[in-house]
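Below is one structure; the comments refer to it alone.
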Amino acid sequence: MKKINVMVVDDSAVVRQVVTGLLNKAPDIQVLHAVADPILAMERMKTVWPDVIVLDVEMPRMDGITFLRKIMAERPTPVVICSTLTAKAAKTTMEAMAAGAVSIITKPKLELKQFLNDSSDELVAAVRAAAVANVRKLAGRAAPLQPVAKLTADVILPAADGRAMTQTTERVVAIGTSTGGTQALEVVLTSLPRVSPGIVIVQHMPEKFTAAFAERLNSVCEITVKEAQTGDRVVPGRALIAPGGKHMLLRRNGAQYFVEVMDGPLVNRHRPSVDVLFRSVAKCAGSNALGVIMTGMGDDGAAGLLEMRNAGAYTVAQDEASCVVYGMPKEAVKRGGVERTVTLEQIGREIVQQLNSFLA
C-alpha cells in the first residue's frame, strides 16, 4: 500500500514532534520532513515533493499564506492548515483557505501537546481527505477515521411529518458543503444579485473560524453574509452561516422563517451538520425551499436532502467535475435526493431561476 507522504511546516518544535508522531502511527501515512519554516521546506522539496503539507500560518522568515500561494502557483499540493485559535489567526487562516488550503485543524496556545493528542483522529482524517482532494480546482479558484458511533439528525430533531406550510411569501435556500466549500461558496454567493432568496448555510468548519469566513464573504458579495445567531430572520438578500461548533436549524413563526443555533452531539461526525439543517428545512419550509449540496468528504447532508425532496423541495447537487471532493453530492445522488446536477458556476443561476419561478 502506497503511503501518503506528508511534510509538516511549523515553527513550534512541540507541534512538529507531536504531529509527526501522531501521523506516523497511521498505517497509510508517513512524515517525510518536519521543518521550522517555509524556506527550509522549499529546500527539502527540491528532492522529494510531499503528497500533503500540514502548514502553520504565522512563522518566521516567510508566513504560511505566502508559502501556500507560491506552492499553488508552481505545483498545486493539498495543504492542511494547522492554526492557533485566535480572532487574528482566524481571519488570517481564512485568507489561507481562499488561497487554496483544503481544510483547517485548530490548535490552542495552551496545553498544545495534550490537544494534539486528543485530536489525532481529526488530524489523520484531514490528511487522508486532503490526499484525495482535487487540489487543482482549489488552486484555480480517502476515508476519515470512523468514530465508535455515527449519530444521525434524530438526536437533534425528529423527521419531517409532512405538515410544512404549502405556501409562504418567502423562499428559503439551504446549502450544505465541506471540503472545498469555502471557495465554492464564494463562487456561488458572489454570483447572486442583491435581491435573492434568504439562504441558510452549513459549511463544515471549526469554531471561531466561521465569523471571519462570513465577514470575508460579506465584503465581496452583493448580498449580506453573516454568522448566524439564534433569532436571525431568514430574509431576501441575506445568507446565514452556521457557527462552527454549533448546529443550526430553520424555524418558522407564521409565514416568517428564522434560525436557531444550538449545542448538541456530533451528527455524521460534524457540528454543525448539514443533515440537521436540511431536516429542519424539510419540516418548516417543505416545498418553499431549495436544497443545494456541494463539494465535501463523506455523506453528511445526503439523508437530509432526500427528506427535503420528499417534502416537496427542489434539490440540486454540484457535479463531480467541479467538486474538489465528490463525496457528499455523490451520496445524495445515490440515495435519490437530487433532482438536478449542475456545475458550480450554474448553482447561482439555479437559485435565481427557482426564485423567479416561485414568484411567477
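Every chain in the C-alpha cells has a letter given in the order shown (A, B, ...), and although residue numbers restart at 1 in each chain, ligands are simply numbered from 1 in the order shown.
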> Can you list, as a ChimeraX atom specification, every protein, DNA or RNA residue that comes within 10 Å of region 191-198 of chain A when you count only C-alpha atoms, leaving out same-chain residues fewer than 5 positions away?
Replying inline: /A:170-174,185-186,221-224,233-240,257-258,289-290,345-349,351-352,354-356
File of the preceding selection, N, CA and C atoms, as an mmCIF file, in the first residue's frame:
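Writing done, so here's part00.cif:
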data_model
loop_
_atom_site.group_PDB
_atom_site.id
_atom_site.type_symbol
_atom_site.label_atom_id
_atom_site.label_comp_id
_atom_site.auth_asym_id
_atom_site.auth_seq_id
_atom_site.Cartn_x
_atom_site.Cartn_y
_atom_site.Cartn_z
ATOM 1 N N GLU A 170 -42.147 33.814 1.351
ATOM 2 C CA GLU A 170 -40.689 33.830 1.239
ATOM 3 C C GLU A 170 -40.156 32.454 0.869
ATOM 4 N N ARG A 171 -39.061 32.472 0.104
ATOM 5 C CA ARG A 171 -38.371 31.263 -0.333
ATOM 6 C C ARG A 171 -37.106 31.088 0.517
ATOM 7 N N VAL A 172 -36.743 29.830 0.798
ATOM 8 C CA VAL A 172 -35.548 29.536 1.580
ATOM 9 C C VAL A 172 -34.614 28.648 0.772
ATOM 10 N N VAL A 173 -33.344 29.011 0.729
ATOM 11 C CA VAL A 173 -32.322 28.176 0.097
ATOM 12 C C VAL A 173 -31.419 27.628 1.195
ATOM 13 N N ALA A 174 -31.257 26.306 1.231
ATOM 14 C CA ALA A 174 -30.388 25.662 2.219
ATOM 15 C C ALA A 174 -29.211 25.028 1.487
ATOM 16 N N LEU A 185 -18.412 28.234 -2.107
ATOM 17 C CA LEU A 185 -19.437 29.153 -1.628
ATOM 18 C C LEU A 185 -19.191 30.575 -2.129
ATOM 19 N N GLU A 186 -17.935 30.958 -2.192
ATOM 20 C CA GLU A 186 -17.638 32.299 -2.713
ATOM 21 C C GLU A 186 -18.084 32.421 -4.167
ATOM 22 N N CYS A 221 -19.557 40.121 -1.569
ATOM 23 C CA CYS A 221 -20.866 39.761 -2.132
ATOM 24 C C CYS A 221 -21.824 40.948 -2.161
ATOM 25 N N GLU A 222 -22.753 40.924 -3.089
ATOM 26 C CA GLU A 222 -23.821 41.934 -3.101
ATOM 27 C C GLU A 222 -24.822 41.669 -1.981
ATOM 28 N N ILE A 223 -25.068 40.396 -1.687
ATOM 29 C CA ILE A 223 -25.956 40.068 -0.574
ATOM 30 C C ILE A 223 -25.204 40.225 0.743
ATOM 31 N N THR A 224 -25.945 40.272 1.839
ATOM 32 C CA THR A 224 -25.342 40.323 3.173
ATOM 33 C C THR A 224 -25.050 38.903 3.642
ATOM 34 N N ARG A 233 -33.535 36.477 11.359
ATOM 35 C CA ARG A 233 -34.535 36.220 10.328
ATOM 36 C C ARG A 233 -33.866 35.756 9.041
ATOM 37 N N VAL A 234 -34.525 34.841 8.350
ATOM 38 C CA VAL A 234 -34.093 34.424 7.017
ATOM 39 C C VAL A 234 -34.875 35.276 6.035
ATOM 40 N N VAL A 235 -34.202 36.267 5.472
ATOM 41 C CA VAL A 235 -34.877 37.253 4.632
ATOM 42 C C VAL A 235 -34.143 37.368 3.299
ATOM 43 N N PRO A 236 -34.836 37.864 2.267
ATOM 44 C CA PRO A 236 -34.187 38.049 0.970
ATOM 45 C C PRO A 236 -32.943 38.919 1.082
ATOM 46 N N GLY A 237 -31.915 38.541 0.335
ATOM 47 C CA GLY A 237 -30.685 39.321 0.329
ATOM 48 C C GLY A 237 -29.740 39.034 1.475
ATOM 49 N N ARG A 238 -30.000 37.988 2.248
ATOM 50 C CA ARG A 238 -29.127 37.663 3.389
ATOM 51 C C ARG A 238 -28.813 36.173 3.419
ATOM 52 N N ALA A 239 -27.548 35.849 3.692
ATOM 53 C CA ALA A 239 -27.122 34.462 3.884
ATOM 54 C C ALA A 239 -26.613 34.308 5.308
ATOM 55 N N LEU A 240 -27.093 33.283 6.004
ATOM 56 C CA LEU A 240 -26.699 32.998 7.381
ATOM 57 C C LEU A 240 -25.851 31.726 7.401
ATOM 58 N N TYR A 257 -39.514 32.938 8.523
ATOM 59 C CA TYR A 257 -38.506 31.968 8.919
ATOM 60 C C TYR A 257 -37.396 32.643 9.713
ATOM 61 N N PHE A 258 -36.873 31.911 10.686
ATOM 62 C CA PHE A 258 -35.708 32.369 11.436
ATOM 63 C C PHE A 258 -34.875 31.148 11.790
ATOM 64 N N ALA A 289 -38.747 25.510 -0.288
ATOM 65 C CA ALA A 289 -37.299 25.506 -0.141
ATOM 66 C C ALA A 289 -36.592 24.968 -1.375
ATOM 67 N N LEU A 290 -35.327 25.367 -1.498
ATOM 68 C CA LEU A 290 -34.390 24.822 -2.470
ATOM 69 C C LEU A 290 -33.198 24.284 -1.685
ATOM 70 N N GLU A 345 -20.608 26.727 -11.299
ATOM 71 C CA GLU A 345 -20.958 28.040 -11.840
ATOM 72 C C GLU A 345 -22.453 28.173 -12.118
ATOM 73 N N GLN A 346 -23.167 27.058 -12.247
ATOM 74 C CA GLN A 346 -24.602 27.110 -12.546
ATOM 75 C C GLN A 346 -25.483 27.160 -11.298
ATOM 76 N N ILE A 347 -24.892 26.947 -10.115
ATOM 77 C CA ILE A 347 -25.708 26.882 -8.904
ATOM 78 C C ILE A 347 -26.375 28.228 -8.607
ATOM 79 N N GLY A 348 -25.638 29.307 -8.761
ATOM 80 C CA GLY A 348 -26.225 30.627 -8.537
ATOM 81 C C GLY A 348 -27.398 30.882 -9.457
ATOM 82 N N ARG A 349 -27.276 30.454 -10.706
ATOM 83 C CA ARG A 349 -28.358 30.611 -11.675
ATOM 84 C C ARG A 349 -29.583 29.792 -11.265
ATOM 85 N N ILE A 351 -30.471 29.075 -8.240
ATOM 86 C CA ILE A 351 -31.105 29.772 -7.125
ATOM 87 C C ILE A 351 -31.995 30.902 -7.620
ATOM 88 N N VAL A 352 -31.472 31.698 -8.555
ATOM 89 C CA VAL A 352 -32.237 32.826 -9.081
ATOM 90 C C VAL A 352 -33.442 32.338 -9.887
ATOM 91 N N GLN A 354 -35.088 29.526 -9.615
ATOM 92 C CA GLN A 354 -36.104 28.958 -8.747
ATOM 93 C C GLN A 354 -36.895 30.052 -8.032
ATOM 94 N N LEU A 355 -36.212 31.128 -7.646
ATOM 95 C CA LEU A 355 -36.907 32.252 -7.029
ATOM 96 C C LEU A 355 -37.894 32.854 -8.027
ATOM 97 N N ASN A 356 -37.442 33.046 -9.277
ATOM 98 C CA ASN A 356 -38.311 33.647 -10.292
ATOM 99 C C ASN A 356 -39.527 32.764 -10.576
#
>> as an MDAnalysis selection string, please: every residue in region 236-326 of chain A that a backbone DSSP assignment puts in helix (DSSP H, G or I).
In response: chainID A and resid 274:284 286:288 302:310 320:322
> Using only C-alpha atoms, which of the listed residues (A:Ala36, A:Leu22, A:Asp51, A:Ala317) sits closest to Lys3 (chain A)?
Replying inline: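 Of A:Ala36, A:Leu22, A:Asp51, A:Ala317, the one nearest Lys3 (chain A), counting only C-alpha atoms, is A:Asp51.
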> Which residues come within 9 Å of region 134-136 of chain A, counting only C-alpha atoms, excluding same-chain residues fewer than 3 positions away, as a VMD selection string?
Replying inline: chain A and resid 72 75 to 79 100 to 102 130 to 131 139 to 141 180 323 to 325
>> Measuring between only C-alpha atoms, which one of A:Thr92, A:Gln203, A:Thr179, A:Thr106 shows the shortest distance to Met297 (chain A)?
In response: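 Residue with the minimum atom-to-atom distance to Met297 (chain A): A:Thr179.
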> Which residue out of A:Leu189, A:Val200, A:Val48, A:Ala99 has the minimum interatomic distance to Val220 (chain A) when only C-alpha atoms are used?
Replying inline: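 Selected residue with least distance to Val220 (chain A): A:Leu189.
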